[in-house]
$ cat structure_36.csv   # CSV, N, CA and C atoms
chain,number,residue,atom,x,y,z
A,184,MET,N,37.7,-33.2,-71.7
A,184,MET,CA,37.5,-31.9,-71.3
A,184,MET,C,38.4,-30.9,-72.0
A,185,ASN,N,38.0,-29.8,-72.5
A,185,ASN,CA,38.7,-28.8,-73.2
A,185,ASN,C,39.8,-28.2,-72.3
A,186,GLU,N,41.0,-28.1,-72.8
A,186,GLU,CA,42.1,-27.6,-72.0
A,186,GLU,C,41.9,-26.1,-71.5
A,187,THR,N,41.2,-25.4,-72.3
A,187,THR,CA,40.9,-24.0,-71.9
A,187,THR,C,40.0,-23.9,-70.7
A,188,LEU,N,39.2,-25.0,-70.4
A,188,LEU,CA,38.4,-25.0,-69.2
A,188,LEU,C,39.0,-25.5,-68.0
A,189,ILE,N,40.0,-26.3,-68.2
A,189,ILE,CA,40.7,-27.0,-67.1
A,189,ILE,C,41.4,-26.0,-66.2
A,190,TYR,N,42.2,-25.1,-66.7
A,190,TYR,CA,42.9,-24.1,-65.9
A,190,TYR,C,42.1,-23.2,-65.1
A,191,PRO,N,41.0,-22.6,-65.7
A,191,PRO,CA,40.1,-21.8,-64.8
A,191,PRO,C,39.4,-22.6,-63.7
A,192,MET,N,39.1,-23.9,-64.0
A,192,MET,CA,38.5,-24.7,-63.0
A,192,MET,C,39.4,-25.0,-61.9
A,193,ILE,N,40.7,-25.3,-62.2
A,193,ILE,CA,41.7,-25.5,-61.2
A,193,ILE,C,41.9,-24.3,-60.4
A,194,ALA,N,42.0,-23.1,-61.0
A,194,ALA,CA,42.1,-21.9,-60.3
A,194,ALA,C,41.0,-21.6,-59.3
A,195,LEU,N,39.7,-21.9,-59.8
A,195,LEU,CA,38.6,-21.7,-58.9
A,195,LEU,C,38.6,-22.7,-57.7
A,196,ILE,N,38.9,-23.9,-58.0
A,196,ILE,CA,39.0,-24.9,-56.9
A,196,ILE,C,40.1,-24.5,-55.9
A,197,ALA,N,41.2,-24.0,-56.4
A,197,ALA,CA,42.3,-23.6,-55.5
A,197,ALA,C,41.9,-22.4,-54.7
A,198,PHE,N,41.2,-21.4,-55.3
A,198,PHE,CA,40.7,-20.3,-54.6
A,198,PHE,C,39.7,-20.6,-53.4
A,199,ILE,N,38.8,-21.5,-53.8
A,199,ILE,CA,37.8,-21.9,-52.8
A,199,ILE,C,38.5,-22.7,-51.6
A,200,ALA,N,39.4,-23.6,-52.0
A,200,ALA,CA,40.1,-24.3,-50.9
A,200,ALA,C,40.9,-23.4,-50.1
A,201,TYR,N,41.6,-22.4,-50.6
A,201,TYR,CA,42.4,-21.4,-49.9
A,201,TYR,C,41.5,-20.6,-48.9
A,202,LYS,N,40.3,-20.2,-49.4
A,202,LYS,CA,39.4,-19.4,-48.6
A,202,LYS,C,38.9,-20.2,-47.4
A,203,LYS,N,38.5,-21.5,-47.7
A,203,LYS,CA,38.0,-22.3,-46.6
A,203,LYS,C,39.1,-22.6,-45.6
A,204,TYR,N,40.4,-22.9,-46.1
A,204,TYR,CA,41.5,-23.1,-45.2
A,204,TYR,C,41.8,-22.0,-44.3
A,205,THR,N,41.8,-20.7,-44.8
A,205,THR,CA,42.1,-19.6,-44.0
A,205,THR,C,41.0,-19.4,-43.0
A,206,GLN,N,39.7,-19.6,-43.4
A,206,GLN,CA,38.6,-19.5,-42.4
A,206,GLN,C,38.8,-20.5,-41.3
A,207,TYR,N,39.2,-21.7,-41.7
A,207,TYR,CA,39.4,-22.8,-40.7
A,207,TYR,C,40.5,-22.4,-39.7
A,208,LYS,N,41.6,-21.8,-40.2
A,208,LYS,CA,42.7,-21.4,-39.3
A,208,LYS,C,42.2,-20.4,-38.3
A,209,VAL,N,41.4,-19.4,-38.8
A,209,VAL,CA,40.8,-18.4,-37.9
A,209,VAL,C,39.9,-19.0,-36.9
A,210,LEU,N,39.0,-19.9,-37.3
A,210,LEU,CA,38.1,-20.6,-36.4
A,210,LEU,C,38.8,-21.3,-35.3
A,211,LYS,N,39.9,-21.9,-35.6
A,211,LYS,CA,40.7,-22.6,-34.5
A,211,LYS,C,41.3,-21.6,-33.5
A,212,LEU,N,41.5,-20.3,-34.0
A,212,LEU,CA,42.0,-19.3,-33.1
A,212,LEU,C,40.9,-18.6,-32.3
A,213,VAL,N,39.7,-18.7,-32.7
A,213,VAL,CA,38.6,-18.0,-32.0
A,213,VAL,C,38.6,-18.1,-30.5
A,214,PRO,N,38.6,-19.4,-30.0
A,214,PRO,CA,38.6,-19.4,-28.5
A,214,PRO,C,39.7,-18.7,-27.8
A,215,SER,N,40.9,-18.7,-28.3
A,215,SER,CA,42.0,-18.0,-27.6
A,215,SER,C,41.8,-16.5,-27.9
A,216,LEU,N,41.3,-16.1,-29.1
A,216,LEU,CA,41.1,-14.7,-29.3
A,216,LEU,C,40.0,-14.1,-28.4
A,217,LEU,N,39.0,-14.9,-28.1
A,217,LEU,CA,37.9,-14.5,-27.2
A,217,LEU,C,38.4,-14.4,-25.8
A,218,GLU,N,39.3,-15.2,-25.4
A,218,GLU,CA,39.9,-15.1,-24.1
A,218,GLU,C,40.7,-13.9,-23.9
A,219,GLU,N,41.3,-13.4,-25.1
A,219,GLU,CA,42.0,-12.1,-25.1
A,219,GLU,C,41.1,-10.9,-25.1
A,220,GLY,N,39.8,-11.1,-25.1
A,220,GLY,CA,38.8,-10.0,-25.2
A,220,GLY,C,38.4,-9.6,-26.6
A,221,ALA,N,38.5,-10.5,-27.5
A,221,ALA,CA,38.2,-10.1,-28.9
A,221,ALA,C,36.9,-9.5,-29.1
A,222,GLN,N,36.8,-8.7,-30.1
A,222,GLN,CA,35.5,-8.0,-30.5
A,222,GLN,C,35.0,-8.8,-31.7
A,223,ILE,N,33.8,-9.2,-31.7
A,223,ILE,CA,33.2,-9.8,-32.9
A,223,ILE,C,32.4,-8.8,-33.7
A,224,ILE,N,32.9,-8.4,-34.9
A,224,ILE,CA,32.2,-7.4,-35.7
A,224,ILE,C,31.6,-8.1,-36.9
A,225,ASP,N,30.3,-7.9,-37.0
A,225,ASP,CA,29.5,-8.5,-38.1
A,225,ASP,C,29.3,-7.3,-39.1
A,226,VAL,N,29.8,-7.5,-40.3
A,226,VAL,CA,29.8,-6.4,-41.2
A,226,VAL,C,28.6,-6.5,-42.2
A,227,ARG,N,27.7,-7.3,-41.9
A,227,ARG,CA,26.5,-7.5,-42.8
A,227,ARG,C,25.6,-6.3,-42.6
A,228,THR,N,24.5,-6.2,-43.4
A,228,THR,CA,23.5,-5.1,-43.2
A,228,THR,C,22.8,-5.3,-41.9
A,229,LYS,N,22.1,-4.2,-41.4
A,229,LYS,CA,21.4,-4.3,-40.2
A,229,LYS,C,20.3,-5.4,-40.3
A,230,GLU,N,19.6,-5.4,-41.5
A,230,GLU,CA,18.6,-6.4,-41.7
A,230,GLU,C,19.1,-7.8,-41.6
A,231,GLU,N,20.2,-8.1,-42.2
A,231,GLU,CA,20.8,-9.4,-42.2
A,231,GLU,C,21.2,-9.8,-40.7
A,232,PHE,N,21.8,-8.8,-40.0
A,232,PHE,CA,22.2,-9.0,-38.7
A,232,PHE,C,21.0,-9.4,-37.8
A,233,ASN,N,19.9,-8.7,-38.0
A,233,ASN,CA,18.7,-8.9,-37.2
A,233,ASN,C,18.1,-10.3,-37.4
A,234,LEU,N,18.3,-10.9,-38.6
A,234,LEU,CA,17.8,-12.3,-38.9
A,234,LEU,C,18.6,-13.3,-38.1
A,235,ALA,N,19.9,-13.2,-38.1
A,235,ALA,CA,20.8,-14.2,-37.4
A,235,ALA,C,22.1,-13.5,-37.1
A,236,ASN,N,22.6,-13.8,-35.8
A,236,ASN,CA,23.9,-13.2,-35.5
A,236,ASN,C,24.5,-14.0,-34.3
A,237,LYS,N,25.7,-13.8,-34.1
A,237,LYS,CA,26.5,-14.4,-33.0
A,237,LYS,C,26.2,-13.6,-31.8
A,238,GLU,N,25.8,-14.2,-30.7
A,238,GLU,CA,25.5,-13.5,-29.5
A,238,GLU,C,26.8,-12.8,-29.0
A,239,GLY,N,26.6,-11.5,-28.7
A,239,GLY,CA,27.8,-10.7,-28.3
A,239,GLY,C,28.5,-10.0,-29.4
A,240,SER,N,28.0,-10.2,-30.7
A,240,SER,CA,28.7,-9.5,-31.8
A,240,SER,C,28.1,-8.2,-31.9
A,241,VAL,N,28.8,-7.3,-32.6
A,241,VAL,CA,28.4,-5.9,-32.8
A,241,VAL,C,28.2,-5.7,-34.3
A,242,ASN,N,27.1,-5.1,-34.7
A,242,ASN,CA,26.9,-4.9,-36.2
A,242,ASN,C,27.4,-3.6,-36.6
A,243,ILE,N,28.4,-3.6,-37.4
A,243,ILE,CA,28.9,-2.4,-38.1
A,243,ILE,C,28.9,-2.7,-39.6
A,244,PRO,N,27.9,-2.4,-40.3
A,244,PRO,CA,27.9,-2.7,-41.8
A,244,PRO,C,29.1,-2.2,-42.5
A,245,LEU,N,29.6,-3.0,-43.5
A,245,LEU,CA,30.8,-2.6,-44.2
A,245,LEU,C,30.7,-1.2,-44.7
A,246,GLU,N,29.6,-0.8,-45.3
A,246,GLU,CA,29.5,0.6,-45.8
A,246,GLU,C,29.7,1.7,-44.8
A,247,SER,N,29.6,1.4,-43.5
A,247,SER,CA,29.8,2.4,-42.5
A,247,SER,C,31.0,2.2,-41.7
A,248,LEU,N,31.8,1.1,-41.9
A,248,LEU,CA,32.9,0.8,-41.1
A,248,LEU,C,34.0,1.8,-41.1
A,249,LYS,N,34.3,2.4,-42.3
A,249,LYS,CA,35.4,3.4,-42.3
A,249,LYS,C,35.1,4.6,-41.4
A,250,ASN,N,33.8,5.0,-41.3
A,250,ASN,CA,33.5,6.1,-40.4
A,250,ASN,C,33.3,5.7,-38.9
A,251,ARG,N,33.3,4.4,-38.7
A,251,ARG,CA,33.1,3.9,-37.3
A,251,ARG,C,34.3,3.2,-36.7
A,252,THR,N,35.4,3.3,-37.2
A,252,THR,CA,36.6,2.6,-36.7
A,252,THR,C,36.9,3.1,-35.3
A,253,ASN,N,36.5,4.3,-34.9
A,253,ASN,CA,36.7,4.8,-33.6
A,253,ASN,C,36.0,4.0,-32.5
A,254,GLU,N,35.0,3.2,-32.9
A,254,GLU,CA,34.3,2.4,-32.0
A,254,GLU,C,35.0,1.1,-31.6
A,255,LEU,N,36.1,0.8,-32.3
A,255,LEU,CA,36.8,-0.4,-32.1
A,255,LEU,C,38.0,-0.2,-31.2
A,256,ASP,N,38.3,-1.2,-30.4
A,256,ASP,CA,39.5,-1.1,-29.5
A,256,ASP,C,40.7,-1.8,-30.2
A,257,ASN,N,41.6,-1.0,-30.7
A,257,ASN,CA,42.8,-1.6,-31.4
A,257,ASN,C,43.7,-2.4,-30.5
A,258,SER,N,43.5,-2.3,-29.2
A,258,SER,CA,44.4,-3.1,-28.3
A,258,SER,C,43.9,-4.6,-28.2
A,259,LYS,N,42.7,-4.9,-28.7
A,259,LYS,CA,42.1,-6.2,-28.6
A,259,LYS,C,41.9,-6.8,-30.0
A,260,PRO,N,42.0,-8.1,-30.1
A,260,PRO,CA,41.7,-8.8,-31.4
A,260,PRO,C,40.3,-8.4,-31.9
A,261,ILE,N,40.2,-8.4,-33.3
A,261,ILE,CA,39.0,-8.1,-33.9
A,261,ILE,C,38.7,-9.3,-34.8
A,262,ILE,N,37.5,-9.9,-34.6
A,262,ILE,CA,37.0,-11.0,-35.4
A,262,ILE,C,35.9,-10.5,-36.3
A,263,LEU,N,36.1,-10.6,-37.6
A,263,LEU,CA,35.1,-10.1,-38.6
A,263,LEU,C,34.3,-11.3,-39.2
A,264,CYS,N,33.0,-11.0,-39.4
A,264,CYS,CA,32.2,-12.0,-40.0
A,264,CYS,C,31.1,-11.4,-40.9
A,265,CYS,N,30.6,-12.1,-41.9
A,265,CYS,CA,29.6,-11.7,-42.8
A,265,CYS,C,28.9,-12.9,-43.4
A,266,ALA,N,28.1,-12.8,-44.4
A,266,ALA,CA,27.4,-13.9,-45.0
A,266,ALA,C,28.2,-14.8,-45.9
A,267,SER,N,29.2,-14.3,-46.5
A,267,SER,CA,30.0,-15.1,-47.5
A,267,SER,C,31.5,-15.1,-47.2
A,268,GLY,N,31.9,-14.2,-46.4
A,268,GLY,CA,33.4,-14.0,-46.2
A,268,GLY,C,34.0,-12.9,-47.0
A,269,SER,N,33.2,-12.5,-48.0
A,269,SER,CA,33.8,-11.4,-48.9
A,269,SER,C,33.8,-10.1,-48.2
A,270,ARG,N,32.7,-9.7,-47.7
A,270,ARG,CA,32.6,-8.4,-47.0
A,270,ARG,C,33.5,-8.3,-45.8
A,271,SER,N,33.6,-9.4,-45.0
A,271,SER,CA,34.5,-9.4,-43.9
A,271,SER,C,36.0,-9.4,-44.4
A,272,GLY,N,36.3,-9.9,-45.6
A,272,GLY,CA,37.6,-9.8,-46.1
A,272,GLY,C,37.9,-8.4,-46.5
A,273,LEU,N,37.0,-7.7,-47.1
A,273,LEU,CA,37.2,-6.3,-47.4
A,273,LEU,C,37.3,-5.5,-46.2
A,274,ALA,N,36.5,-5.8,-45.2
A,274,ALA,CA,36.6,-5.1,-43.9
A,274,ALA,C,38.0,-5.3,-43.2
A,275,ARG,N,38.5,-6.5,-43.4
A,275,ARG,CA,39.8,-6.8,-42.8
A,275,ARG,C,40.9,-5.9,-43.5
A,276,ARG,N,40.8,-5.8,-44.8
A,276,ARG,CA,41.8,-5.0,-45.5
A,276,ARG,C,41.7,-3.5,-45.1
A,277,LEU,N,40.4,-3.1,-45.0
A,277,LEU,CA,40.2,-1.7,-44.6
A,277,LEU,C,40.8,-1.4,-43.2
A,278,LEU,N,40.6,-2.3,-42.3
A,278,LEU,CA,41.1,-2.1,-40.9
A,278,LEU,C,42.6,-2.2,-40.9
A,279,LEU,N,43.2,-3.1,-41.6
A,279,LEU,CA,44.7,-3.2,-41.7
A,279,LEU,C,45.3,-1.9,-42.3
A,280,SER,N,44.6,-1.3,-43.3
A,280,SER,CA,45.1,-0.1,-43.9
A,280,SER,C,44.9,1.1,-43.0
A,281,ASN,N,44.2,0.9,-41.9
A,281,ASN,CA,43.9,2.0,-40.9
A,281,ASN,C,44.6,1.7,-39.6
A,282,SER,N,45.7,1.0,-39.6
A,282,SER,CA,46.6,0.7,-38.5
A,282,SER,C,46.1,-0.3,-37.5
A,283,PHE,N,45.1,-1.0,-37.8
A,283,PHE,CA,44.6,-2.1,-36.9
A,283,PHE,C,45.5,-3.3,-37.3
A,284,ASP,N,46.0,-4.1,-36.3
A,284,ASP,CA,46.9,-5.2,-36.7
A,284,ASP,C,46.5,-6.5,-36.3
A,285,ASN,N,45.6,-6.7,-35.4
A,285,ASN,CA,45.1,-8.0,-34.9
A,285,ASN,C,43.7,-8.2,-35.4
A,286,VAL,N,43.6,-8.4,-36.7
A,286,VAL,CA,42.3,-8.5,-37.4
A,286,VAL,C,42.1,-9.8,-38.1
A,287,HIS,N,41.0,-10.5,-37.8
A,287,HIS,CA,40.8,-11.9,-38.4
A,287,HIS,C,39.5,-12.0,-39.1
A,288,ASN,N,39.5,-12.6,-40.3
A,288,ASN,CA,38.3,-12.8,-41.0
A,288,ASN,C,37.8,-14.2,-40.8
A,289,ALA,N,36.7,-14.4,-40.0
A,289,ALA,CA,36.1,-15.7,-39.7
A,289,ALA,C,35.1,-16.0,-40.8
A,290,GLY,N,34.8,-15.1,-41.7
A,290,GLY,CA,33.8,-15.4,-42.8
A,290,GLY,C,32.4,-15.7,-42.2
A,291,THR,N,31.8,-16.8,-42.7
A,291,THR,CA,30.4,-17.1,-42.4
A,291,THR,C,30.3,-18.0,-41.2
A,292,GLU,N,31.3,-18.7,-40.8
A,292,GLU,CA,31.2,-19.8,-39.9
A,292,GLU,C,30.7,-19.5,-38.5
A,293,ILE,N,30.8,-18.3,-38.0
A,293,ILE,CA,30.4,-18.0,-36.7
A,293,ILE,C,29.0,-17.4,-36.5
A,294,ILE,N,28.4,-17.0,-37.7
A,294,ILE,CA,27.1,-16.3,-37.6
A,294,ILE,C,25.9,-17.1,-37.1
A,295,PRO,N,25.6,-18.2,-37.7
A,295,PRO,CA,24.3,-18.8,-37.4
A,295,PRO,C,24.1,-19.4,-36.1
A,296,LEU,N,24.8,-19.0,-35.1
A,296,LEU,CA,24.8,-19.6,-33.8
A,296,LEU,C,23.5,-19.1,-33.0
A,297,ARG,N,22.9,-18.0,-33.4
A,297,ARG,CA,21.7,-17.6,-32.7
A,297,ARG,C,20.8,-17.0,-33.8
A,298,LEU,N,19.6,-17.5,-33.9
A,298,LEU,CA,18.6,-16.9,-34.9
A,298,LEU,C,17.7,-16.1,-34.1
A,299,ASN,N,17.3,-14.9,-34.7
A,299,ASN,CA,16.3,-14.1,-34.1
A,299,ASN,C,15.1,-14.2,-34.9
A,300,LEU,N,14.2,-15.1,-34.5
A,300,LEU,CA,13.0,-15.3,-35.2
A,300,LEU,C,11.8,-14.7,-34.4
A,301,HIS,N,11.1,-13.9,-35.1
A,301,HIS,CA,9.9,-13.2,-34.5
A,301,HIS,C,8.6,-13.7,-35.1
A,302,PHE,N,7.8,-14.1,-34.3
A,302,PHE,CA,6.5,-14.6,-34.7
A,302,PHE,C,5.4,-13.7,-34.2
A,303,TYR,N,4.5,-13.3,-35.1
A,303,TYR,CA,3.5,-12.3,-34.7
A,303,TYR,C,2.1,-13.0,-34.7
A,304,ASN,N,1.4,-12.9,-33.6
A,304,ASN,CA,0.1,-13.5,-33.5
A,304,ASN,C,-1.0,-12.4,-33.6
A,305,ASN,N,-1.8,-12.5,-34.6
A,305,ASN,CA,-2.9,-11.4,-34.8
A,305,ASN,C,-4.1,-11.7,-34.0
A,306,HIS,N,-4.2,-12.5,-33.0
A,306,HIS,CA,-5.4,-12.8,-32.3
A,306,HIS,C,-5.6,-11.7,-31.2
$ encode --input "structure_36.csv" --output "structure tokens"
Amino acid sequence: MNETLIYPMIALIAFIAYKKYTQYKVLKLVPSLLEEGAQIIDVRTKEEFNLANKEGSVNIPLESLKNRTNELDNSKPIILCCASGSRSGLARRLLLSNSFDNVHNAGTEIIPLRLNLHFYNNH
């Protein structure tokens, strides 16, 4: 294998491993965060949220989060989730820069616990 490909591959593998490890750490904290009254904020679009979401979560799409921070209780932990972990990561940075301090990125792992499937019968 070409040496110029090895280093980018190692960096990619390290990035993926780090991302999964940090999500794993947060997921271990979720039960205790929920006992503290944590808010689960799903930063996906409304359409994505309607397809599948964690029961009890609140949908605040990333593009509107900056204007809706007043809806969050800064005295309680905030657990963020999305489809890939990227938007919830951006949301975490946004909240930290706006004086929120107990913010956790759970990524994708807590979303598919409840599917909202709608079947329509034309009879």
$ closest_residue --input "structure_36.csv" --among "A:Asp225, A:Asp284, A:Glu186, A:Glu219" --to "Leu245 (chain A)" --atoms "only N, CA and C atoms"
A:Asp225
$ residues_around --input "structure_36.csv" --residues "region 214-217 of chain A" --least-positions-apart "3" --cutoff "9 Å" --atoms "only C-alpha atoms" --output "list in words"
Leu210, Lys211, Gly220, Ala221, Gln222, Ile223, Lys259, Pro260, Ile261 and Ile262 of chain A
$ select_by_dssp --input "structure_36.csv" --residues "chain A" --states "strand (DSSP E)" --output "PyMOL selection string"
chain A and resi 222-225+241-242+261-264+286-290
$ atom_distance --input "structure_36.csv" --atom1 "CA of Ala266 (chain A)" --atom2 "CA of Thr291 (chain A)"
5.1 Å
$ atom_distance --input "structure_36.csv" --atom1 "CA of Thr228 (chain A)" --atom2 "CA of Cys265 (chain A)"
9.0 Å
$ closest_residue --input "structure_36.csv" --among "A:Lys203, A:Lys208, A:Lys229, A:Lys249" --to "His287 (chain A)" --atoms "only C-alpha atoms"
A:Lys208
$ select_by_dssp --input "structure_36.csv" --residues "chain A" --states "alpha helix (DSSP H)" --output "ChimeraX atom specification"
/A:186-218,229-234,245-248,269-280
$ residues_around --input "structure_36.csv" --residues "Cys264 (chain A)" --least-positions-apart "5" --cutoff "6.5 Å" --atoms "all atoms listed in the file" --output "list in words"
Ile223, Ile224, Asp225, Val226, Arg227, Arg270, Ser271, Asn288, Ala289, Gly290 and Thr291 of chain A
$ atom_distance --input "structure_36.csv" --atom1 "CA of Tyr201 (chain A)" --atom2 "CA of Asn242 (chain A)"
26.5 Å
$ decode --input "structure_36.csv" --residues "region 196-252 of chain A" --atoms "C-alpha atoms" --output "PDB file, in the first residue's frame"
ATOM      1  CA  ILE A 196      -9.877   5.369  11.552  1.00  0.00           C
ATOM      2  CA  ALA A 197      -8.701   7.356  14.580  1.00  0.00           C
ATOM      3  CA  PHE A 198     -11.421   9.984  14.018  1.00  0.00           C
ATOM      4  CA  ILE A 199     -14.176   7.348  13.733  1.00  0.00           C
ATOM      5  CA  ALA A 200     -12.897   5.520  16.819  1.00  0.00           C
ATOM      6  CA  TYR A 201     -12.773   8.771  18.814  1.00  0.00           C
ATOM      7  CA  LYS A 202     -16.298   9.730  17.723  1.00  0.00           C
ATOM      8  CA  LYS A 203     -17.701   6.317  18.703  1.00  0.00           C
ATOM      9  CA  TYR A 204     -15.823   6.359  22.020  1.00  0.00           C
ATOM     10  CA  THR A 205     -17.150   9.780  23.008  1.00  0.00           C
ATOM     11  CA  GLN A 206     -20.706   8.719  22.091  1.00  0.00           C
ATOM     12  CA  TYR A 207     -20.242   5.546  24.160  1.00  0.00           C
ATOM     13  CA  LYS A 208     -19.114   7.646  27.146  1.00  0.00           C
ATOM     14  CA  VAL A 209     -22.204   9.843  26.852  1.00  0.00           C
ATOM     15  CA  LEU A 210     -24.517   6.831  26.507  1.00  0.00           C
ATOM     16  CA  LYS A 211     -23.151   5.423  29.763  1.00  0.00           C
ATOM     17  CA  LEU A 212     -24.060   8.751  31.404  1.00  0.00           C
ATOM     18  CA  VAL A 213     -27.593   8.943  29.964  1.00  0.00           C
ATOM     19  CA  PRO A 214     -29.396   7.103  32.809  1.00  0.00           C
ATOM     20  CA  SER A 215     -27.868   9.357  35.482  1.00  0.00           C
ATOM     21  CA  LEU A 216     -28.437  12.463  33.335  1.00  0.00           C
ATOM     22  CA  LEU A 217     -32.109  11.507  32.947  1.00  0.00           C
ATOM     23  CA  GLU A 218     -32.375  11.072  36.732  1.00  0.00           C
ATOM     24  CA  GLU A 219     -31.136  14.666  37.001  1.00  0.00           C
ATOM     25  CA  GLY A 220     -33.999  15.780  34.734  1.00  0.00           C
ATOM     26  CA  ALA A 221     -32.047  15.934  31.476  1.00  0.00           C
ATOM     27  CA  GLN A 222     -33.674  17.372  28.383  1.00  0.00           C
ATOM     28  CA  ILE A 223     -33.307  15.299  25.205  1.00  0.00           C
ATOM     29  CA  ILE A 224     -33.049  17.655  22.242  1.00  0.00           C
ATOM     30  CA  ASP A 225     -33.233  16.178  18.747  1.00  0.00           C
ATOM     31  CA  VAL A 226     -31.657  18.622  16.296  1.00  0.00           C
ATOM     32  CA  ARG A 227     -32.777  16.852  13.114  1.00  0.00           C
ATOM     33  CA  THR A 228     -35.364  18.345  10.769  1.00  0.00           C
ATOM     34  CA  LYS A 229     -39.046  18.119  11.654  1.00  0.00           C
ATOM     35  CA  GLU A 230     -39.532  15.512   8.906  1.00  0.00           C
ATOM     36  CA  GLU A 231     -36.718  13.314  10.240  1.00  0.00           C
ATOM     37  CA  PHE A 232     -38.031  13.664  13.782  1.00  0.00           C
ATOM     38  CA  ASN A 233     -41.517  12.609  12.698  1.00  0.00           C
ATOM     39  CA  LEU A 234     -40.141   9.390  11.184  1.00  0.00           C
ATOM     40  CA  ALA A 235     -38.346   8.205  14.329  1.00  0.00           C
ATOM     41  CA  ASN A 236     -37.583   9.761  17.681  1.00  0.00           C
ATOM     42  CA  LYS A 237     -36.868   9.053  21.305  1.00  0.00           C
ATOM     43  CA  GLU A 238     -40.011   9.249  23.391  1.00  0.00           C
ATOM     44  CA  GLY A 239     -39.922  12.413  25.466  1.00  0.00           C
ATOM     45  CA  SER A 240     -37.432  14.170  23.213  1.00  0.00           C
ATOM     46  CA  VAL A 241     -38.012  17.684  21.916  1.00  0.00           C
ATOM     47  CA  ASN A 242     -37.360  18.589  18.293  1.00  0.00           C
ATOM     48  CA  ILE A 243     -35.405  21.810  17.831  1.00  0.00           C
ATOM     49  CA  PRO A 244     -33.792  21.644  14.370  1.00  0.00           C
ATOM     50  CA  LEU A 245     -30.174  22.801  14.300  1.00  0.00           C
ATOM     51  CA  GLU A 246     -30.983  25.713  11.971  1.00  0.00           C
ATOM     52  CA  SER A 247     -33.401  27.171  14.534  1.00  0.00           C
ATOM     53  CA  LEU A 248     -31.531  26.273  17.742  1.00  0.00           C
ATOM     54  CA  LYS A 249     -29.729  29.609  18.084  1.00  0.00           C
ATOM     55  CA  ASN A 250     -33.081  31.434  18.169  1.00  0.00           C
ATOM     56  CA  ARG A 251     -34.694  28.902  20.520  1.00  0.00           C
ATOM     57  CA  THR A 252     -32.125  28.561  23.320  1.00  0.00           C
TER      58      THR A 252
END
